[in-house]
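Undergrad: Next up, target.cif (mmCIF, C-alpha atoms).
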data_model
loop_
_atom_site.group_PDB
_atom_site.id
_atom_site.type_symbol
_atom_site.label_atom_id
_atom_site.label_comp_id
_atom_site.auth_asym_id
_atom_site.auth_seq_id
_atom_site.Cartn_x
_atom_site.Cartn_y
_atom_site.Cartn_z
ATOM 1 C CA MET A 35 -16.191 -7.332 -2.575
ATOM 2 C CA GLU A 36 -16.574 -6.216 -6.148
ATOM 3 C CA ARG A 37 -13.819 -7.228 -8.512
ATOM 4 C CA TYR A 38 -12.338 -4.482 -10.601
ATOM 5 C CA GLY A 39 -13.152 -6.124 -13.920
ATOM 6 C CA TYR A 40 -13.731 -4.537 -17.298
ATOM 7 C CA ALA A 41 -17.261 -3.332 -16.588
ATOM 8 C CA SER A 42 -16.131 -1.243 -13.704
ATOM 9 C CA SER A 43 -12.987 -0.335 -15.621
ATOM 10 C CA GLU A 44 -15.152 1.406 -18.227
ATOM 11 C CA ARG A 45 -16.967 3.196 -15.472
ATOM 12 C CA LEU A 46 -13.678 4.337 -14.021
ATOM 13 C CA ASP A 47 -12.696 5.682 -17.437
ATOM 14 C CA LEU A 48 -15.809 7.828 -17.484
ATOM 15 C CA THR A 49 -15.173 8.981 -13.952
ATOM 16 C CA PHE A 50 -11.555 9.922 -14.566
ATOM 17 C CA ALA A 51 -12.355 11.608 -17.890
ATOM 18 C CA ALA A 52 -15.006 13.654 -16.104
ATOM 19 C CA LEU A 53 -12.593 14.568 -13.328
ATOM 20 C CA ALA A 54 -9.860 15.595 -15.771
ATOM 21 C CA ASP A 55 -11.414 19.029 -16.357
ATOM 22 C CA PRO A 56 -10.881 21.898 -13.872
ATOM 23 C CA THR A 57 -14.328 23.429 -14.454
ATOM 24 C CA ARG A 58 -15.984 20.101 -13.733
ATOM 25 C CA ARG A 59 -13.921 19.665 -10.596
ATOM 26 C CA ALA A 60 -14.988 23.153 -9.478
ATOM 27 C CA ILE A 61 -18.612 22.198 -10.113
ATOM 28 C CA LEU A 62 -18.177 19.095 -7.966
ATOM 29 C CA ALA A 63 -16.574 21.170 -5.235
ATOM 30 C CA ARG A 64 -19.533 23.542 -5.337
ATOM 31 C CA LEU A 65 -22.018 20.649 -5.201
ATOM 32 C CA ALA A 66 -20.167 19.176 -2.261
ATOM 33 C CA THR A 67 -21.521 22.107 -0.246
ATOM 34 C CA GLY A 68 -25.110 21.404 -1.316
ATOM 35 C CA GLU A 69 -27.362 21.074 -4.354
ATOM 36 C CA ALA A 70 -27.542 23.876 -6.918
ATOM 37 C CA THR A 71 -29.353 24.812 -10.109
ATOM 38 C CA VAL A 72 -27.667 25.288 -13.495
ATOM 39 C CA THR A 73 -27.983 29.062 -13.125
ATOM 40 C CA GLU A 74 -26.328 28.978 -9.732
ATOM 41 C CA LEU A 75 -23.597 26.722 -11.013
ATOM 42 C CA ALA A 76 -22.923 28.954 -14.023
ATOM 43 C CA GLU A 77 -22.532 32.098 -11.893
ATOM 44 C CA PRO A 78 -18.917 31.783 -10.702
ATOM 45 C CA PHE A 79 -17.666 30.793 -14.173
ATOM 46 C CA GLU A 80 -17.299 32.996 -17.196
ATOM 47 C CA MET A 81 -19.312 30.562 -19.191
ATOM 48 C CA SER A 82 -22.681 30.414 -20.836
ATOM 49 C CA GLN A 83 -25.364 28.204 -19.364
ATOM 50 C CA PRO A 84 -25.220 25.828 -22.353
ATOM 51 C CA ALA A 85 -21.480 25.413 -21.784
ATOM 52 C CA ILE A 86 -22.097 24.600 -18.123
ATOM 53 C CA SER A 87 -24.887 22.230 -19.128
ATOM 54 C CA LYS A 88 -22.428 20.351 -21.316
ATOM 55 C CA HIS A 89 -20.110 19.887 -18.366
ATOM 56 C CA LEU A 90 -23.033 18.760 -16.231
ATOM 57 C CA LYS A 91 -23.923 16.127 -18.818
ATOM 58 C CA VAL A 92 -20.413 14.708 -18.671
ATOM 59 C CA LEU A 93 -20.602 14.579 -14.889
ATOM 60 C CA GLU A 94 -24.048 12.978 -15.034
ATOM 61 C CA ARG A 95 -22.927 10.328 -17.510
ATOM 62 C CA ALA A 96 -20.061 9.470 -15.194
ATOM 63 C CA GLY A 97 -22.566 9.109 -12.371
ATOM 64 C CA LEU A 98 -20.818 11.792 -10.352
ATOM 65 C CA ILE A 99 -23.898 13.986 -10.075
ATOM 66 C CA SER A 100 -27.634 13.571 -10.500
ATOM 67 C CA MET A 101 -30.592 15.792 -11.208
ATOM 68 C CA ASP A 102 -33.753 15.997 -9.167
ATOM 69 C CA VAL A 103 -36.342 15.796 -11.948
ATOM 70 C CA ASP A 104 -39.278 16.281 -9.619
ATOM 71 C CA ALA A 105 -38.205 19.608 -8.252
ATOM 72 C CA GLN A 106 -39.121 22.538 -10.494
ATOM 73 C CA ARG A 107 -35.689 24.131 -10.379
ATOM 74 C CA ARG A 108 -34.081 20.833 -11.325
ATOM 75 C CA PRO A 109 -31.192 21.107 -8.910
ATOM 76 C CA ARG A 110 -28.076 18.990 -9.391
ATOM 77 C CA LYS A 111 -26.552 17.148 -6.522
ATOM 78 C CA LEU A 112 -23.354 15.246 -5.870
ATOM 79 C CA GLU A 113 -23.342 11.438 -6.020
ATOM 80 C CA PRO A 114 -20.474 10.672 -3.663
ATOM 81 C CA LYS A 115 -20.451 6.927 -4.273
ATOM 82 C CA ARG A 116 -18.881 7.125 -7.704
ATOM 83 C CA LEU A 117 -16.205 9.465 -6.485
ATOM 84 C CA GLU A 118 -15.430 7.086 -3.650
ATOM 85 C CA GLU A 119 -15.043 4.262 -6.131
ATOM 86 C CA ALA A 120 -12.420 6.229 -8.045
ATOM 87 C CA VAL A 121 -10.562 7.079 -4.854
ATOM 88 C CA ASP A 122 -10.801 3.440 -3.775
ATOM 89 C CA TRP A 123 -8.993 2.290 -6.850
ATOM 90 C CA ILE A 124 -6.051 4.603 -6.220
ATOM 91 C CA GLU A 125 -6.122 3.663 -2.554
ATOM 92 C CA ARG A 126 -5.640 0.014 -3.510
ATOM 93 C CA TYR A 127 -2.499 0.898 -5.397
ATOM 94 C CA ARG A 128 -1.308 2.921 -2.454
ATOM 95 C CA GLU A 129 -1.947 0.050 -0.047
ATOM 96 C CA ILE A 130 -0.013 -2.462 -2.138
ATOM 97 C CA PHE A 131 3.006 -0.181 -2.219
ATOM 98 C CA GLU A 132 2.722 1.019 1.334
ATOM 99 C CA GLN A 133 2.679 -2.521 2.695
ATOM 100 C CA ASN A 134 5.806 -3.313 0.716
ATOM 101 C CA TYR A 135 7.510 -0.115 1.743
ATOM 102 C CA GLN A 136 6.787 -0.652 5.407
ATOM 103 C CA ARG A 137 8.586 -3.970 5.133
ATOM 104 C CA LEU A 138 11.388 -2.154 3.321
ATOM 105 C CA ASP A 139 11.540 0.395 6.185
ATOM 106 C CA ALA A 140 12.062 -2.455 8.611
ATOM 107 C CA LEU A 141 14.707 -4.038 6.426
ATOM 108 C CA LEU A 142 16.587 -0.758 6.003
ATOM 109 C CA GLU A 143 16.526 -0.222 9.728
ATOM 110 C CA GLU A 144 17.846 -3.726 10.257
ATOM 111 C CA LEU A 145 20.630 -3.185 7.704
ATOM 112 C CA GLN A 146 21.692 0.087 9.284
ATOM 113 C CA ALA A 147 21.763 -1.463 12.728
ATOM 114 C CA LYS A 148 23.896 -4.336 11.490
ATOM 115 C CA PRO A 149 27.408 -2.830 11.533
ATOM 116 C CA SER A 150 27.337 -2.932 15.365
ATOM 117 C CA LYS A 151 26.633 -6.684 15.163
ATOM 118 C CA ARG A 152 24.948 -6.481 18.508
ATOM 119 C CA LYS A 153 21.682 -8.069 19.442
ATOM 120 C CA ARG A 154 20.829 -5.160 21.660
ATOM 121 C CA SER A 155 20.836 -2.238 19.249
ATOM 122 C CA ARG A 156 19.914 1.304 20.139
ATOM 123 C CA LYS A 157 17.223 3.249 18.398
ATOM 124 C CA SER A 158 18.711 5.713 15.955
ATOM 125 C CA ARG A 159 15.849 8.176 16.238
ATOM 126 C CA MET B 218 8.106 6.740 10.695
ATOM 127 C CA PRO B 219 8.344 8.008 7.105
ATOM 128 C CA LYS B 220 5.281 9.532 5.523
ATOM 129 C CA PRO B 221 3.013 6.994 3.800
ATOM 130 C CA ALA B 222 3.412 6.388 0.080
ATOM 131 C CA GLU B 223 1.792 8.950 -2.172
ATOM 132 C CA VAL B 224 0.106 7.850 -5.379
ATOM 133 C CA THR B 225 -0.575 10.167 -8.287
ATOM 134 C CA LEU B 226 -1.781 9.638 -11.862
ATOM 135 C CA PRO B 227 0.450 11.742 -14.154
ATOM 136 C CA SER B 228 -1.388 10.538 -17.261
ATOM 137 C CA ASP B 229 -4.132 8.054 -18.020
ATOM 138 C CA ARG B 230 -1.646 5.211 -18.492
ATOM 139 C CA GLU B 231 0.652 5.990 -15.573
ATOM 140 C CA VAL B 232 0.778 5.500 -11.850
ATOM 141 C CA ARG B 233 3.452 7.265 -9.818
ATOM 142 C CA VAL B 234 4.333 6.298 -6.288
ATOM 143 C CA THR B 235 6.501 8.545 -4.127
ATOM 144 C CA ARG B 236 7.920 7.530 -0.770
ATOM 145 C CA THR B 237 10.786 8.580 1.503
ATOM 146 C CA PHE B 238 13.049 6.287 3.514
ATOM 147 C CA ASN B 239 15.243 7.031 6.499
ATOM 148 C CA ALA B 240 18.283 5.452 4.897
ATOM 149 C CA PRO B 241 21.066 6.366 2.483
ATOM 150 C CA ARG B 242 20.360 5.960 -1.198
ATOM 151 C CA GLN B 243 22.881 3.178 -1.725
ATOM 152 C CA LEU B 244 21.097 1.031 0.823
ATOM 153 C CA VAL B 245 17.687 1.614 -0.754
ATOM 154 C CA TRP B 246 19.262 0.797 -4.105
ATOM 155 C CA ASP B 247 20.728 -2.445 -2.735
ATOM 156 C CA ALA B 248 17.370 -3.409 -1.280
ATOM 157 C CA HIS B 249 15.930 -3.191 -4.805
ATOM 158 C CA ASN B 250 18.730 -5.052 -6.547
ATOM 159 C CA LYS B 251 20.129 -7.778 -4.340
ATOM 160 C CA PRO B 252 17.847 -10.820 -4.481
ATOM 161 C CA ASP B 253 18.497 -11.746 -0.842
ATOM 162 C CA LEU B 254 17.271 -8.331 0.228
ATOM 163 C CA VAL B 255 14.483 -8.007 -2.352
ATOM 164 C CA ARG B 256 12.980 -11.239 -1.048
ATOM 165 C CA LYS B 257 12.652 -9.800 2.419
ATOM 166 C CA TRP B 258 10.252 -7.032 1.576
ATOM 167 C CA GLN B 259 8.921 -7.209 -1.961
ATOM 168 C CA GLY B 260 5.729 -9.175 -2.071
ATOM 169 C CA TYR B 261 2.560 -9.710 -0.196
ATOM 170 C CA ASP B 262 1.537 -10.842 3.243
ATOM 171 C CA GLY B 263 1.061 -14.587 3.277
ATOM 172 C CA TRP B 264 3.224 -15.100 0.185
ATOM 173 C CA ASP B 265 6.808 -16.349 -0.051
ATOM 174 C CA MET B 266 9.140 -15.497 -2.899
ATOM 175 C CA PRO B 267 10.744 -18.779 -4.013
ATOM 176 C CA VAL B 268 12.061 -17.285 -7.260
ATOM 177 C CA CYS B 269 13.974 -14.014 -7.291
ATOM 178 C CA ASP B 270 16.519 -14.022 -10.113
ATOM 179 C CA MET B 271 17.947 -10.688 -11.122
ATOM 180 C CA ASP B 272 20.711 -9.940 -13.598
ATOM 181 C CA VAL B 273 20.917 -6.211 -13.023
ATOM 182 C CA ARG B 274 22.544 -4.746 -16.149
ATOM 183 C CA VAL B 275 21.168 -3.288 -19.361
ATOM 184 C CA GLY B 276 19.678 -6.199 -21.281
ATOM 185 C CA GLY B 277 19.779 -8.435 -18.186
ATOM 186 C CA LYS B 278 16.663 -10.373 -17.208
ATOM 187 C CA TYR B 279 14.792 -10.816 -13.969
ATOM 188 C CA LYS B 280 12.161 -13.231 -12.764
ATOM 189 C CA TRP B 281 10.057 -12.952 -9.627
ATOM 190 C CA GLN B 282 7.624 -15.573 -8.394
ATOM 191 C CA TRP B 283 5.484 -15.617 -5.305
ATOM 192 C CA ARG B 284 3.851 -18.620 -3.698
ATOM 193 C CA SER B 285 0.854 -18.519 -1.428
ATOM 194 C CA ARG B 286 1.462 -20.088 1.956
ATOM 195 C CA GLU B 287 -2.219 -20.883 2.124
ATOM 196 C CA ASP B 288 -2.792 -22.879 -1.068
ATOM 197 C CA GLY B 289 0.582 -23.031 -2.833
ATOM 198 C CA LYS B 290 -0.609 -21.057 -5.831
ATOM 199 C CA GLN B 291 2.034 -19.139 -7.728
ATOM 200 C CA PHE B 292 2.246 -16.089 -9.911
ATOM 201 C CA GLY B 293 4.958 -13.650 -10.827
ATOM 202 C CA PHE B 294 6.524 -11.014 -12.997
ATOM 203 C CA PHE B 295 9.446 -11.122 -15.384
ATOM 204 C CA GLY B 296 11.213 -8.730 -17.722
ATOM 205 C CA THR B 297 14.398 -7.061 -18.883
ATOM 206 C CA PHE B 298 16.386 -4.172 -17.461
ATOM 207 C CA THR B 299 16.623 -1.334 -19.961
ATOM 208 C CA GLU B 300 18.417 1.310 -17.897
ATOM 209 C CA VAL B 301 20.739 0.799 -14.951
ATOM 210 C CA ASN B 302 22.324 3.842 -13.375
ATOM 211 C CA VAL B 303 23.766 2.912 -9.969
ATOM 212 C CA PRO B 304 22.494 4.058 -7.465
ATOM 213 C CA SER B 305 19.907 6.450 -8.870
ATOM 214 C CA LYS B 306 17.871 4.987 -11.698
ATOM 215 C CA LEU B 307 16.594 1.594 -12.702
ATOM 216 C CA VAL B 308 14.196 0.953 -15.565
ATOM 217 C CA HIS B 309 12.729 -2.366 -16.616
ATOM 218 C CA ASP B 310 9.764 -3.718 -18.470
ATOM 219 C CA GLN B 311 7.435 -5.975 -16.560
ATOM 220 C CA TYR B 312 5.372 -8.859 -17.848
ATOM 221 C CA TYR B 313 2.796 -10.541 -15.718
ATOM 222 C CA ASP B 314 2.919 -14.305 -15.374
ATOM 223 C CA PRO B 315 -0.433 -15.471 -13.995
ATOM 224 C CA GLY B 316 0.964 -18.885 -12.969
ATOM 225 C CA ASP B 317 -1.955 -20.786 -11.442
ATOM 226 C CA MET B 318 -3.979 -17.765 -10.521
ATOM 227 C CA ASP B 319 -7.434 -17.662 -12.019
ATOM 228 C CA PHE B 320 -7.427 -14.042 -13.030
ATOM 229 C CA ALA B 321 -6.071 -12.905 -16.352
ATOM 230 C CA MET B 322 -4.212 -9.761 -17.150
ATOM 231 C CA PRO B 323 -3.166 -8.958 -20.712
ATOM 232 C CA ALA B 324 0.232 -10.638 -20.489
ATOM 233 C CA ALA B 325 1.256 -9.422 -23.933
ATOM 234 C CA ASP B 326 1.430 -5.842 -22.772
ATOM 235 C CA PRO B 327 4.349 -5.070 -20.513
ATOM 236 C CA CYS B 328 4.346 -2.287 -18.008
ATOM 237 C CA ILE B 329 7.414 -0.043 -17.954
ATOM 238 C CA VAL B 330 8.661 0.460 -14.427
ATOM 239 C CA SER B 331 11.078 3.258 -13.664
ATOM 240 C CA LEU B 332 12.640 3.657 -10.250
ATOM 241 C CA GLU B 333 14.432 6.869 -9.315
ATOM 242 C CA LEU B 334 16.255 7.495 -6.059
ATOM 243 C CA SER B 335 17.583 10.762 -4.696
ATOM 244 C CA GLU B 336 19.130 11.504 -1.330
ATOM 245 C CA LYS B 337 19.080 14.570 0.887
ATOM 246 C CA ASN B 338 20.320 14.731 4.470
ATOM 247 C CA GLY B 339 20.395 10.966 4.759
ATOM 248 C CA VAL B 340 16.788 10.634 3.614
ATOM 249 C CA THR B 341 16.150 8.881 0.319
ATOM 250 C CA THR B 342 13.211 9.791 -1.880
ATOM 251 C CA LEU B 343 11.951 7.066 -4.147
ATOM 252 C CA VAL B 344 9.815 7.769 -7.196
ATOM 253 C CA CYS B 345 8.405 4.694 -8.887
ATOM 254 C CA ASN B 346 6.705 5.395 -12.173
ATOM 255 C CA MET B 347 4.709 2.717 -13.941
ATOM 256 C CA THR B 348 3.569 3.195 -17.510
ATOM 257 C CA PHE B 349 0.974 0.702 -18.650
ATOM 258 C CA ALA B 350 0.041 -0.271 -22.193
ATOM 259 C CA SER B 351 -3.465 1.069 -21.719
ATOM 260 C CA LYS B 352 -5.825 2.540 -19.167
ATOM 261 C CA GLU B 353 -7.471 -0.868 -18.826
ATOM 262 C CA ALA B 354 -4.155 -2.530 -18.048
ATOM 263 C CA ARG B 355 -3.525 0.088 -15.393
ATOM 264 C CA GLU B 356 -6.792 -0.659 -13.689
ATOM 265 C CA ASP B 357 -6.466 -4.414 -14.047
ATOM 266 C CA ALA B 358 -3.084 -4.382 -12.392
ATOM 267 C CA VAL B 359 -4.708 -3.740 -9.033
ATOM 268 C CA SER B 360 -7.265 -6.474 -9.532
ATOM 269 C CA THR B 361 -4.665 -9.233 -9.492
ATOM 270 C CA GLY B 362 -5.709 -11.738 -6.913
ATOM 271 C CA MET B 363 -2.920 -10.983 -4.526
ATOM 272 C CA THR B 364 -4.752 -7.929 -3.333
ATOM 273 C CA ASP B 365 -7.115 -10.323 -1.586
ATOM 274 C CA GLY B 366 -4.209 -11.942 0.180
ATOM 275 C CA MET B 367 -2.965 -8.576 1.230
ATOM 276 C CA GLU B 368 -5.926 -7.513 3.265
ATOM 277 C CA HIS B 369 -4.037 -9.171 6.100
ATOM 278 C CA SER B 370 -2.385 -7.437 8.965
ATOM 279 C CA TYR B 371 1.141 -6.245 9.167
ATOM 280 C CA THR B 372 2.367 -9.248 11.108
ATOM 281 C CA ARG B 373 5.442 -9.809 8.990
ATOM 282 C CA LEU B 374 6.418 -6.189 9.397
ATOM 283 C CA ASP B 375 5.952 -6.377 13.148
ATOM 284 C CA ASP B 376 8.158 -9.440 13.264
ATOM 285 C CA MET B 377 10.914 -7.682 11.381
ATOM 286 C CA LEU B 378 10.637 -4.581 13.517
ATOM 287 C CA GLU B 379 11.091 -6.682 16.611
ATOM 288 C CA VAL B 380 14.222 -8.214 15.174
ATOM 289 C CA ALA B 381 15.532 -4.767 14.295
ATOM 290 C CA GLU B 382 14.956 -3.220 17.709
#
Take the structure in the file and write it out as structure tokens.
TA:
Amino acid sequence: MERYGYASSERLDLTFAALADPTRRAILARLATGEATVTELAEPFEMSQPAISKHLKVLERAGLISMDVDAQRRPRKLEPKRLEEAVDWIERYREIFEQNYQRLDALLEELQAKPSKRKRSRKSR
Amino acid sequence: MPKPAEVTLPSDREVRVTRTFNAPRQLVWDAHNKPDLVRKWQGYDGWDMPVCDMDVRVGGKYKWQWRSREDGKQFGFFGTFTEVNVPSKLVHDQYYDPGDMDFAMPAADPCIVSLELSEKNGVTTLVCNMTFASKEAREDAVSTGMTDGMEHSYTRLDDMLEVAE
């Protein structure tokens, strides 16, 4: 498994910076339904095509989307792998805590059962 | 069972974990402050906690160390309590002590950990907010080697559940 060293840390920075903007997130949501051209992507936003293109560049640099250079309309499409990597990182945090907290759940249950001092304790729920 | 922990990123240096517990706040507080209780849940599968010293008062220090059951390697955290408000808020800084682990985290930069507990209808909500020195430190914190050791099952939890039931 890949270690989350500095190289990938820089990549995560790019990914999170790209995701920090609502317009760019909307673009990703649109691309999640299928590829689209710059014109199509600009339509739902009150933004010029150059402004949209700027956002697309940020997303491209972060590896979140790619452009099909061969096709004449140059459609953009989603690159799900990079997004997964970002989610993965948060998921790792969640796992570390969740494993601890499940042990804490058990401990709390044990502590609350204790006052009865009986081996055979009833379930409280 | 309570809902699984929720993780959000309030800023680019923070991680916030929210979780509920089916227990009164005082008990959740105790479980975070009494070394005998802390030892029982805080850590990682396959690791024991031979050192758990906590002087819970403003300016008081704490030291946590874990030891791998597999190879005896140790690592830990240490720091100072900066805010103690029984039973609702606990704030401390946290330095990483790599011990004999072969991964390095910038030990000079502490993380600020803030724990807040609130209770409603016998259910306690815990919000743990960690503020790191930098974005890099935030990302490195998950790369500490113990995550490898944690891919294990929930055997310890199962054991404890059996005892409790």
Undergrad: What's the separation between CA of Ile61 in chain A and CA of Ser351 in chain B, in Å to one decimal place?
TA: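 That distance, rounded to one decimal, is 28.5 Å.
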Undergrad: Which value, in Å to one decimal, gives the distance between CA of Gly97 in chain A and CA of Arg58 in chain A?
TA: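 Separation between CA of Gly97 in chain A and CA of Arg58 in chain A: 12.9 Å.
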Undergrad: For Gly260 in chain B, which residue among B:Gly293, B:Gly339, B:Pro227, B:Pro219 is the nearest when counting only C-alpha atoms?
TA: B:Gly293
Undergrad: Give me the result of the PyMOL selection byres ((chain A and resi 79) around 12) on this file, residue by residue, as JSON, numbers by chain.
TA: {"A": [56, 57, 58, 60, 61, 64, 72, 73, 74, 75, 76, 77, 78, 80, 81, 82, 83, 85, 86, 89]}
Undergrad: As a check of understanding, name the residues that the PyMOL selection byres ((chain A) within 6 of (chain B)) selects in the supplied structure, as a list of chain:residue names.
TA: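 Here the PyMOL selection byres ((chain A) within 6 of (chain B)) matches A:Tyr38, A:Arg128, A:Glu132, A:Asn134, A:Arg137, A:Leu138, A:Ala140, A:Glu144.
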Undergrad: Between A:Ala63, A:Leu117, A:Leu141, A:Met101, which one has atoms that come closest to Phe50 in chain A, using all atoms listed in the file?
TA: A:Leu117
Undergrad: Quick check on the file I pasted: which residues fall under the PyMOL selection byres ((chain A and resi 46) around 9)? Write them as a PyMOL selection string.
TA: (chain A and resi 41-45+47-51+96+116+119-120+123) or (chain B and resi 356)
